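Source file: target.cif; contents: mmCIF, C-alpha atoms and all ligand atoms.
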data_model
#
loop_
_atom_site.label_atom_id
_atom_site.label_comp_id
_atom_site.auth_asym_id
_atom_site.auth_seq_id
_atom_site.Cartn_x
_atom_site.Cartn_y
_atom_site.Cartn_z
CA MET A 1 -22.26 7.18 -5.11
CA LEU A 2 -21.17 10.54 -6.54
CA GLY A 3 -22.61 13.67 -4.95
CA ASP A 4 -22.14 17.01 -3.28
CA ARG A 5 -20.93 17.19 0.30
CA PRO A 6 -20.32 20.29 2.45
CA GLU A 7 -16.83 21.82 2.70
CA PRO A 8 -14.82 19.80 5.25
CA ASP A 9 -14.53 20.96 8.87
CA VAL A 10 -11.02 22.15 9.70
CA PRO A 11 -10.20 21.59 13.39
CA ALA A 12 -7.31 23.47 15.07
CA GLY A 13 -3.98 22.20 13.75
CA TRP A 14 -5.60 20.92 10.54
CA THR A 15 -5.54 22.37 7.05
CA THR A 16 -7.23 21.70 3.73
CA VAL A 17 -5.69 20.24 0.61
CA THR A 18 -7.21 20.79 -2.82
CA VAL A 19 -6.94 17.33 -4.34
CA ARG A 20 -5.29 16.96 -7.74
CA ALA A 21 -4.93 13.18 -7.77
CA ALA A 22 -6.08 10.37 -5.49
CA SER A 23 -5.22 6.69 -5.97
CA LEU A 24 -7.49 3.72 -5.30
CA ASN A 25 -6.54 1.04 -2.81
CA HIS A 26 -8.01 -2.29 -1.88
CA HIS A 27 -8.88 -0.54 1.39
CA ASP A 28 -11.53 1.44 -0.51
CA LEU A 29 -13.13 -1.82 -1.65
CA TRP A 30 -13.13 -3.16 1.92
CA SER A 31 -14.78 0.11 3.04
CA LEU A 32 -17.45 -0.21 0.32
CA ARG A 33 -18.16 -3.69 1.72
CA GLY A 34 -18.57 -2.16 5.18
CA VAL A 35 -15.29 -3.43 6.70
CA GLY A 36 -14.17 -1.00 9.43
CA LEU A 37 -16.92 1.45 8.53
CA PRO A 38 -19.97 1.14 10.82
CA ALA A 39 -23.33 2.58 9.73
CA GLU A 40 -23.13 5.54 12.15
CA ARG A 41 -20.12 6.94 10.23
CA LEU A 42 -21.97 7.00 6.90
CA PRO A 43 -22.06 8.77 4.55
CA MET A 44 -18.28 8.65 4.25
CA ILE A 45 -16.10 10.00 1.46
CA LEU A 46 -13.71 7.18 0.48
CA GLY A 47 -10.05 7.53 -0.50
CA CYS A 48 -6.85 7.23 1.56
CA ASP A 49 -4.30 8.76 -0.79
CA ALA A 50 -3.95 12.23 -2.21
CA ALA A 51 -1.56 14.67 -3.75
CA GLY A 52 -2.67 18.25 -4.08
CA VAL A 53 -2.18 21.88 -3.14
CA ASP A 54 -2.37 23.07 0.47
CA ALA A 55 -3.98 26.27 1.75
CA ASP A 56 -0.66 28.14 1.26
CA GLY A 57 -0.34 27.03 -2.36
CA ARG A 58 2.34 24.38 -1.70
CA GLU A 59 2.31 21.11 -3.62
CA VAL A 60 1.98 18.31 -1.08
CA ILE A 61 1.48 14.59 -0.56
CA VAL A 62 -0.95 13.62 2.21
CA HIS A 63 0.16 11.11 4.86
CA SER A 64 -3.03 9.17 5.52
CA VAL A 65 -2.38 7.88 9.07
CA ILE A 66 -4.24 10.18 11.48
CA SER A 67 -2.86 9.71 14.99
CA ASP A 68 -4.02 11.28 18.23
CA PRO A 69 -2.71 14.90 18.51
CA ALA A 70 -0.98 13.91 21.77
CA TRP A 71 0.71 10.85 20.22
CA LEU A 72 4.49 11.07 19.80
CA GLY A 73 6.63 8.65 17.81
CA ASP A 74 5.60 5.96 15.34
CA GLU A 75 2.06 6.90 14.27
CA THR A 76 1.26 3.33 13.16
CA LEU A 77 1.56 2.17 16.80
CA ASP A 78 -1.05 4.62 18.12
CA PRO A 79 -4.03 2.43 19.11
CA ARG A 80 -6.33 5.38 18.27
CA ARG A 81 -4.96 5.96 14.78
CA SER A 82 -7.17 5.80 11.72
CA LEU A 83 -6.74 6.18 7.99
CA LEU A 84 -8.46 8.90 6.04
CA SER A 85 -11.94 7.61 5.08
CA GLU A 86 -12.28 5.56 8.31
CA ARG A 87 -13.18 8.31 10.81
CA HIS A 88 -12.40 11.45 8.80
CA ALA A 89 -13.59 12.17 5.27
CA GLY A 90 -11.33 10.74 2.57
CA THR A 91 -9.62 12.02 -0.53
CA PHE A 92 -12.06 11.27 -3.38
CA ALA A 93 -13.22 14.87 -3.18
CA GLU A 94 -12.33 18.38 -4.32
CA ARG A 95 -10.92 19.18 -0.89
CA VAL A 96 -9.83 17.10 2.09
CA ALA A 97 -9.05 18.26 5.63
CA VAL A 98 -5.92 16.77 7.26
CA PRO A 99 -3.67 17.53 10.24
CA ALA A 100 -1.03 20.03 9.06
CA ARG A 101 1.69 17.68 10.35
CA ASN A 102 0.53 15.04 7.85
CA LEU A 103 1.76 16.94 4.80
CA VAL A 104 4.96 15.99 2.97
CA PRO A 105 6.28 18.23 0.15
CA LYS A 106 5.64 16.86 -3.33
CA PRO A 107 8.85 17.03 -5.37
CA PRO A 108 8.49 18.39 -8.90
CA GLU A 109 10.09 15.21 -10.27
CA LEU A 110 6.94 13.23 -9.45
CA SER A 111 3.73 13.74 -11.44
CA TRP A 112 0.46 14.20 -9.59
CA GLU A 113 -0.56 10.64 -10.53
CA GLU A 114 2.69 9.18 -9.24
CA ALA A 115 2.69 11.19 -6.02
CA ALA A 116 -0.86 10.05 -5.25
CA CYS A 117 0.25 6.39 -5.25
CA LEU A 118 2.80 6.76 -2.48
CA PRO A 119 0.93 7.28 0.83
CA THR A 120 -0.79 3.89 1.16
CA ALA A 121 0.35 1.09 -1.19
CA TRP A 122 3.91 2.32 -1.67
CA LEU A 123 4.43 3.36 1.93
CA THR A 124 3.13 -0.04 3.07
CA ALA A 125 5.60 -1.77 0.74
CA TYR A 126 8.48 0.42 1.95
CA ARG A 127 7.82 -0.41 5.60
CA MET A 128 7.28 -4.12 4.89
CA LEU A 129 10.66 -4.44 3.20
CA PHE A 130 12.94 -2.14 5.12
CA THR A 131 11.45 -1.49 8.58
CA ARG A 132 9.63 -4.73 9.38
CA GLY A 133 11.39 -7.19 7.03
CA ARG A 134 14.85 -5.65 7.55
CA VAL A 135 15.99 -7.01 4.20
CA VAL A 136 19.47 -6.13 2.98
CA PRO A 137 20.96 -6.01 -0.54
CA GLY A 138 21.64 -9.42 -2.06
CA MET A 139 18.80 -11.19 -0.24
CA THR A 140 16.13 -13.03 -2.20
CA VAL A 141 12.56 -11.88 -1.57
CA LEU A 142 9.35 -13.51 -2.81
CA VAL A 143 6.39 -11.18 -3.54
CA GLN A 144 3.00 -12.92 -3.73
CA GLY A 145 0.26 -11.61 -6.07
CA ALA A 146 2.51 -9.53 -8.32
CA GLY A 147 -0.20 -7.43 -9.94
CA GLY A 148 -1.45 -5.62 -6.84
CA GLY A 149 -0.77 -2.03 -5.86
CA VAL A 150 1.35 -3.04 -2.86
CA ALA A 151 2.96 -5.92 -4.76
CA THR A 152 4.10 -3.81 -7.72
CA ALA A 153 5.61 -1.35 -5.23
CA LEU A 154 7.41 -4.23 -3.46
CA ILE A 155 8.92 -5.36 -6.77
CA ALA A 156 10.06 -1.89 -7.83
CA LEU A 157 11.43 -0.93 -4.41
CA GLY A 158 13.08 -4.33 -3.94
CA ARG A 159 14.80 -3.95 -7.29
CA ALA A 160 15.98 -0.42 -6.42
CA ALA A 161 17.37 -1.68 -3.10
CA GLY A 162 19.53 -4.41 -4.66
CA LEU A 163 17.40 -7.41 -3.73
CA ARG A 164 16.83 -10.46 -5.89
CA VAL A 165 13.07 -10.24 -6.41
CA TRP A 166 10.91 -13.25 -7.23
CA ALA A 167 7.17 -12.87 -7.71
CA THR A 168 4.05 -14.97 -8.23
CA SER A 169 0.91 -14.05 -10.12
CA ARG A 170 -2.15 -15.94 -11.30
CA SER A 171 -1.90 -14.28 -14.67
CA GLU A 172 0.77 -14.95 -17.28
CA ALA A 173 0.45 -11.40 -18.61
CA LYS A 174 1.01 -9.96 -15.12
CA ARG A 175 4.02 -12.23 -14.61
CA ALA A 176 5.53 -10.81 -17.81
CA ARG A 177 4.85 -7.26 -16.64
CA ALA A 178 6.41 -8.04 -13.26
CA VAL A 179 9.64 -8.97 -15.06
CA SER A 180 9.63 -5.69 -16.99
CA LEU A 181 9.13 -3.91 -13.67
CA GLY A 182 12.23 -5.51 -12.19
CA ALA A 183 11.36 -8.99 -10.93
CA ASP A 184 14.28 -11.38 -11.54
CA ALA A 185 11.97 -14.37 -11.97
CA THR A 186 8.24 -15.08 -11.74
CA PHE A 187 6.25 -18.21 -10.93
CA GLU A 188 2.70 -19.51 -10.93
CA PRO A 189 1.15 -19.38 -7.44
CA GLY A 190 2.17 -22.41 -5.38
CA SER A 191 5.14 -23.35 -7.63
CA ARG A 192 8.24 -24.99 -6.25
CA LEU A 193 10.97 -22.32 -6.30
CA PRO A 194 14.56 -22.96 -7.46
CA GLU A 195 15.67 -22.40 -3.85
CA ARG A 196 14.19 -21.13 -0.60
CA VAL A 197 14.10 -17.38 -0.01
CA ASP A 198 15.19 -15.06 2.82
CA ALA A 199 11.88 -13.20 3.04
CA VAL A 200 8.32 -13.35 1.70
CA MET A 201 6.09 -10.31 1.31
CA GLU A 202 2.43 -11.30 1.75
CA THR A 203 -0.72 -9.33 0.98
CA VAL A 204 -2.82 -12.16 -0.49
CA GLY A 205 -3.42 -14.18 2.71
CA GLN A 206 -5.19 -17.53 2.72
CA ALA A 207 -4.60 -18.41 -0.95
CA THR A 208 -0.81 -18.06 -0.78
CA TRP A 209 0.07 -18.39 2.94
CA SER A 210 1.06 -22.05 2.93
CA HIS A 211 3.29 -21.52 -0.13
CA SER A 212 4.82 -18.48 1.57
CA LEU A 213 5.82 -20.49 4.66
CA LYS A 214 7.11 -23.40 2.55
CA SER A 215 9.21 -21.03 0.46
CA LEU A 216 11.22 -19.66 3.39
CA LYS A 217 14.74 -20.67 4.41
CA PRO A 218 15.24 -21.67 8.06
CA GLY A 219 15.29 -18.40 9.99
CA GLY A 220 13.43 -16.56 7.21
CA VAL A 221 10.85 -13.85 7.67
CA LEU A 222 7.30 -13.57 6.34
CA VAL A 223 5.96 -10.02 6.41
CA THR A 224 2.17 -9.74 6.13
CA SER A 225 0.14 -6.57 5.59
CA GLY A 226 -3.04 -7.88 4.00
CA ALA A 227 -5.37 -10.79 3.44
CA THR A 228 -7.17 -10.15 0.16
CA SER A 229 -8.16 -13.80 -0.27
CA GLY A 230 -9.06 -14.38 3.42
CA PRO A 231 -7.55 -13.96 6.89
CA ASN A 232 -7.61 -17.52 8.29
CA PRO A 233 -5.00 -19.73 6.62
CA GLN A 234 -3.59 -22.97 8.08
CA ALA A 235 -1.07 -21.72 10.65
CA ASP A 236 1.45 -24.53 9.96
CA LEU A 237 2.99 -24.01 13.40
CA ASN A 238 5.33 -27.01 13.10
CA ARG A 239 7.08 -25.29 10.24
CA VAL A 240 7.15 -21.92 12.03
CA PHE A 241 8.83 -23.17 15.20
CA PHE A 242 10.99 -25.93 13.77
CA LEU A 243 12.48 -23.70 11.07
CA GLN A 244 12.51 -20.71 13.43
CA LEU A 245 10.55 -18.56 10.99
CA SER A 246 9.44 -15.04 11.87
CA VAL A 247 5.91 -13.95 10.99
CA VAL A 248 5.80 -10.18 11.18
CA GLY A 249 2.82 -7.85 10.77
CA SER A 250 3.11 -4.49 9.07
CA THR A 251 0.66 -1.62 8.65
CA MET A 252 1.08 1.53 6.56
CA GLY A 253 4.09 3.63 7.63
CA THR A 254 5.14 6.78 9.40
CA ARG A 255 5.35 10.31 8.03
CA ASP A 256 9.15 10.04 8.23
CA GLU A 257 9.09 6.82 6.22
CA LEU A 258 6.91 8.56 3.62
CA GLY A 259 9.52 11.33 3.41
CA ARG A 260 12.29 8.75 2.88
CA LEU A 261 10.21 6.90 0.27
CA VAL A 262 9.68 10.13 -1.67
CA ARG A 263 13.44 10.79 -1.58
CA LEU A 264 14.22 7.25 -2.74
CA CYS A 265 11.86 7.68 -5.69
CA VAL A 266 13.44 10.99 -6.67
CA GLU A 267 17.08 9.93 -6.20
CA ARG A 268 16.81 6.49 -7.79
CA GLY A 269 14.25 7.25 -10.50
CA VAL A 270 11.76 4.69 -9.14
CA ARG A 271 8.19 5.53 -10.12
CA PRO A 272 4.81 4.05 -9.19
CA ILE A 273 3.19 2.00 -11.93
CA VAL A 274 0.01 3.82 -12.89
CA GLU A 275 -2.18 1.42 -14.84
CA ARG A 276 -4.72 4.12 -15.59
CA ALA A 277 -5.64 7.66 -14.55
CA LEU A 278 -9.35 8.48 -14.83
CA PRO A 279 -11.45 11.57 -14.08
CA MET A 280 -12.90 11.40 -10.56
CA GLN A 281 -16.40 11.19 -12.07
CA ASP A 282 -15.42 7.76 -13.44
CA ALA A 283 -14.75 6.34 -9.96
CA ARG A 284 -17.28 3.55 -10.49
CA GLU A 285 -15.32 2.23 -13.49
CA ALA A 286 -12.12 2.31 -11.46
CA PHE A 287 -13.73 0.45 -8.53
CA GLU A 288 -15.09 -2.21 -10.90
CA ALA A 289 -11.65 -2.80 -12.41
CA LEU A 290 -10.05 -3.09 -8.95
CA ALA A 291 -12.78 -5.47 -7.73
CA ALA A 292 -12.28 -7.64 -10.83
CA GLY A 293 -8.53 -7.88 -10.09
CA ASP A 294 -8.09 -6.52 -13.57
CA VAL A 295 -5.24 -4.15 -12.72
CA PHE A 296 -1.45 -4.13 -12.79
CA GLY A 297 -0.20 -1.38 -10.49
CA LYS A 298 -2.35 1.57 -9.48
CA LEU A 299 -5.55 3.25 -10.59
CA VAL A 300 -5.65 7.00 -10.02
CA LEU A 301 -8.58 9.43 -9.98
CA MET A 302 -7.74 12.92 -11.27
CA ARG A 303 -9.31 16.32 -10.83
N1 LIG B 401 -1.94 -3.13 6.39
C1 LIG B 401 -1.87 -2.07 5.59
O1 LIG B 401 -1.47 -0.99 6.00
C2 LIG B 401 -2.25 -2.21 4.17
C3 LIG B 401 -1.92 -1.20 3.26
C4 LIG B 401 -2.22 -1.41 1.92
C5 LIG B 401 -2.86 -2.59 1.56
N2 LIG B 401 -3.22 -3.51 2.49
C6 LIG B 401 -3.92 -4.77 2.11
O2 LIG B 401 -3.10 -5.49 1.21
C7 LIG B 401 -3.90 -6.15 0.25
C8 LIG B 401 -3.46 -5.72 -1.14
O3 LIG B 401 -3.81 -4.37 -1.33
P1 LIG B 401 -3.64 -3.70 -2.76
O4 LIG B 401 -4.17 -2.31 -2.67
O5 LIG B 401 -2.26 -3.96 -3.27
O6 LIG B 401 -4.71 -4.60 -3.59
P2 LIG B 401 -4.87 -4.87 -5.13
O7 LIG B 401 -4.15 -3.82 -5.90
O8 LIG B 401 -6.32 -5.06 -5.35
O9 LIG B 401 -4.10 -6.27 -5.37
C9 LIG B 401 -4.49 -7.49 -4.88
C10 LIG B 401 -3.60 -8.59 -5.55
O10 LIG B 401 -3.74 -9.79 -4.79
C11 LIG B 401 -3.67 -10.90 -5.65
N3 LIG B 401 -4.82 -11.77 -5.33
C12 LIG B 401 -6.07 -11.43 -5.05
N4 LIG B 401 -6.84 -12.50 -4.79
C13 LIG B 401 -6.04 -13.55 -4.92
C14 LIG B 401 -6.22 -14.93 -4.81
N5 LIG B 401 -7.41 -15.48 -4.48
N6 LIG B 401 -5.16 -15.73 -5.03
C15 LIG B 401 -3.97 -15.22 -5.35
N7 LIG B 401 -3.74 -13.89 -5.47
C16 LIG B 401 -4.77 -13.08 -5.27
C17 LIG B 401 -3.77 -10.42 -7.07
O11 LIG B 401 -2.52 -10.60 -7.68
P3 LIG B 401 -2.40 -11.37 -9.11
O12 LIG B 401 -3.63 -11.01 -9.90
O13 LIG B 401 -1.14 -10.84 -9.68
O14 LIG B 401 -2.33 -12.83 -8.80
C18 LIG B 401 -4.08 -8.94 -6.92
O15 LIG B 401 -3.46 -8.17 -7.92
C19 LIG B 401 -5.36 -5.77 0.57
O16 LIG B 401 -5.95 -6.82 1.31
C20 LIG B 401 -5.22 -4.52 1.40
O17 LIG B 401 -6.29 -4.35 2.29
C21 LIG B 401 -2.91 -3.34 3.78
#
Structure rendered as C-alpha cells:
Amino acid sequence: MLGDRPEPDVPAGWTTVTVRAASLNHHDLWSLRGVGLPAERLPMILGCDAAGVDADGREVIVHSVISDPAWLGDETLDPRRSLLSERHAGTFAERVAVPARNLVPKPPELSWEEAACLPTAWLTAYRMLFTRGRVVPGMTVLVQGAGGGVATALIALGRAAGLRVWATSRSEAKRARAVSLGADATFEPGSRLPERVDAVMETVGQATWSHSLKSLKPGGVLVTSGATSGPNPQADLNRVFFLQLSVVGSTMGTRDELGRLVRLCVERGVRPIVERALPMQDAREAFEALAAGDVFGKLVLMR
C-alpha cells in the first residue's frame, strides 16, 4: 500500500537519509507474506536497501544490518540484530532513519541505482563467496538460480575474483544472460555437470539442494543463504559425512565487508545488474515482477 507516514523518529546516535534509490529484495516479498513481521509491528515501511543523501549532504549507502548499540564486532552475529523493515522502518520512503555508524560513503563511480543494489543482495553474495565459502582464484563454483538478485551478484563477483563460474537457471534466456554477465558455462537445473565443483552457492533451497550436494567434490563446501523454493530439503547425510562436505550458512554481511565490496566494484569495474529502475510510486509493478520470478538482476525504486 502506498501512503503518507510521519517523519521517522531519530534516536540518539541515529541520522536520517533522504532516499534517492532503493532496491527490491526477495526479503520484501517474504515480509509482505508476513514472514518475520508480526501483526504488532504493522504498519511497516518495507525496503532493506538504500542509497541517498545524509543529513550533512553526503552521498551514502545504507548498511541494513541494525545491531545492538553495545554490540562490537561482526554485526551479523548479534542475536538481537535486525534488517531495516523488520523492527525499524525501511527504505521505500522519502526518508529513512538509521544508526550513523551504518553509513558507507557512496563513490561517484556508482550510480544511485547501482549503489542501492549493494547492501543486501550484493553484500550477501560477497560474504557467501569470500568470508563463508573462502573460495580462491581458480576454483570452480556453481551458482544455483542464476537470475536472482543474489545469484547475479555471485556470478559477477565470482568472475571478478578469478573463479570459474558455472550457473543453473530454469530459463534459457536467463542462462544466456548469465553467460554475458561472466558465467563460464550454464546448465538446466539438475543437470549432470562436466565435473564436480569446489563450492556451490545456494539461495534456491529445496528445489536445487540435492543437485547442489551431488555436484560437490569430496571436501567441497555448500554455502546457503536462502530457501526461495522451501526450507526442508532431503538432508542426504550419507553424502555429507562420507564425502566430508561442509554446509555453511551465511547471512548478509558486515559494514566493513560492505566497504570492501564498494571498493571492489570501483576498482574492478564490476557493476550490479539493474533489470529496471521504476519510480517509487510503481512499487506494486516491481513487486509483481519479482513475485513472478520475471527478473534478471535487480529492480530498483527511484525518487
Ligand atoms: N540470508 C540473507 O542474508 C539473505 C540475503 C539476501 C537474500 N536472501 C534469500 O536468498 C533468496 C534469493 O534472494 P534474491 O533477492 O536473490 O531473490 P530473487 O531475485 O527473487 O531470485 C530468486 C531466484 O531463485 C530461483 N528460483 C526461484 N524459485 C525456484 C525454483 N522453484 N526452482 C529453481 N529456482 C528457483 C530463480 O532463478 P531462475 O529463474 O534463474 O531459475 C530466481 O531468479 C531469497 O530466499 C532471500 O530471502 C537471504
Quick one: everything within 8 Å of Glu113 (chain A), counting only C-alpha atoms, minus sequence neighbours fewer than 5 positions away in the same chain. Send it as a CSV table (one decimal) with C-alpha atoms, in the frame of the given file.
chain,number,residue,atom,x,y,z
A,21,ALA,CA,-4.9,13.2,-7.8
A,22,ALA,CA,-6.1,10.4,-5.5
A,23,SER,CA,-5.2,6.7,-6.0
A,51,ALA,CA,-1.6,14.7,-3.8
A,274,VAL,CA,0.0,3.8,-12.9
A,277,ALA,CA,-5.6,7.7,-14.6
A,300,VAL,CA,-5.6,7.0,-10.0
A,302,MET,CA,-7.7,12.9,-11.3
Exercise for the section: For atom O14 of ligand LIG 401 (chain B) and CA of Ser82 (chain A), quote the distance in Å rounded to one decimal. Expected result: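 Between atom O14 of ligand LIG 401 (chain B) and CA of Ser82 (chain A) the gap is 28.1 Å.
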Exercise for the section: Could you give me, as a PyMOL selection string, every polymer residue with an atom at most 7 Å away from an atom of ligand LIG 401 (chain B), counting only C-alpha atoms and all ligand atoms? Expected result: chain A and resi 25-27+30+120-121+124+145-151+168-171+174+189+203-204+207-208+225-229+250-252+290-291+293+295-298
Practice task
Counting only C-alpha atoms, figure out which residue out of A:Ala235, A:Ala125, A:Cys117, A:Ala176 gets nearest to Arg271 (chain A).
Solution key: A:Cys117
Handout entry: Test item: residues at most 9 Å from Gly138 (chain A), all atoms listed in the file, excluding those fewer than 5 positions along its chain, as a PyMOL selection string
Key = chain A and resi 161-164
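For the residues A:Asp184, A:Ile61, A:Trp71, A:Glu94, ranking by smallest atom-to-atom distance to Asp4 (chain A) using all atoms listed in the file places A:Glu94 first.
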Problem - Counting all atoms listed in the file, the residue of A:Arg5, A:Arg58, A:Arg177, A:Arg255 that sits nearest Ala89 (chain A) - result: A:Arg5
Exercise for the section: Kindly give the distance, in Å, that separates CA of Val104 (chain A) and CA of Thr16 (chain A), rounded to a single decimal. Expected result: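 According to the coordinates, CA of Val104 (chain A) and CA of Thr16 (chain A) are separated by 13.5 Å.
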Practice task
Could you check which of A:Ala167, A:Pro108, A:His63, A:Ala97 is closest to Ala12 (chain A), using only C-alpha atoms?
Solution key: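 That would be A:Ala97, the residue with the smallest distance to Ala12 (chain A).
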Practice task
Could you tell me how far CA of Phe187 (chain A) lies from CA of Leu261 (chain A), in Å and to one decimal?
Solution key: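 The value is 27.8 Å.
For the residues A:Leu72, A:Ala55, A:Ser67, A:Val96, ranking by smallest atom-to-atom distance to Glu7 (chain A) using only C-alpha atoms places A:Val96 first.
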Practice task
Would you mind telling me which residue in A:Val200, A:Val98, A:Leu142, A:Leu222 lies nearest to Asp9 (chain A) when using only C-alpha atoms?
Solution key: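 Closest to Asp9 (chain A) of all the choices is A:Val98.
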Exercise for the section: Just the residues within 8 Å of Gly249 (chain A), please, counting only C-alpha atoms, with nothing from its chain fewer than 5 positions along; format it as a PyMOL selection string. Expected result: chain A and resi 132+223-225
Go ahead and save the residues from that selection, with C-alpha atoms, as a short mmCIF file (atom, residue, chain, number, x, y, z; two decimals), in the coordinates of the input.
data_model
loop_
_atom_site.label_atom_id
_atom_site.label_comp_id
_atom_site.auth_asym_id
_atom_site.auth_seq_id
_atom_site.Cartn_x
_atom_site.Cartn_y
_atom_site.Cartn_z
CA ARG A 132 9.63 -4.73 9.38
CA VAL A 223 5.96 -10.02 6.41
CA THR A 224 2.17 -9.74 6.13
CA SER A 225 0.14 -6.57 5.59
#
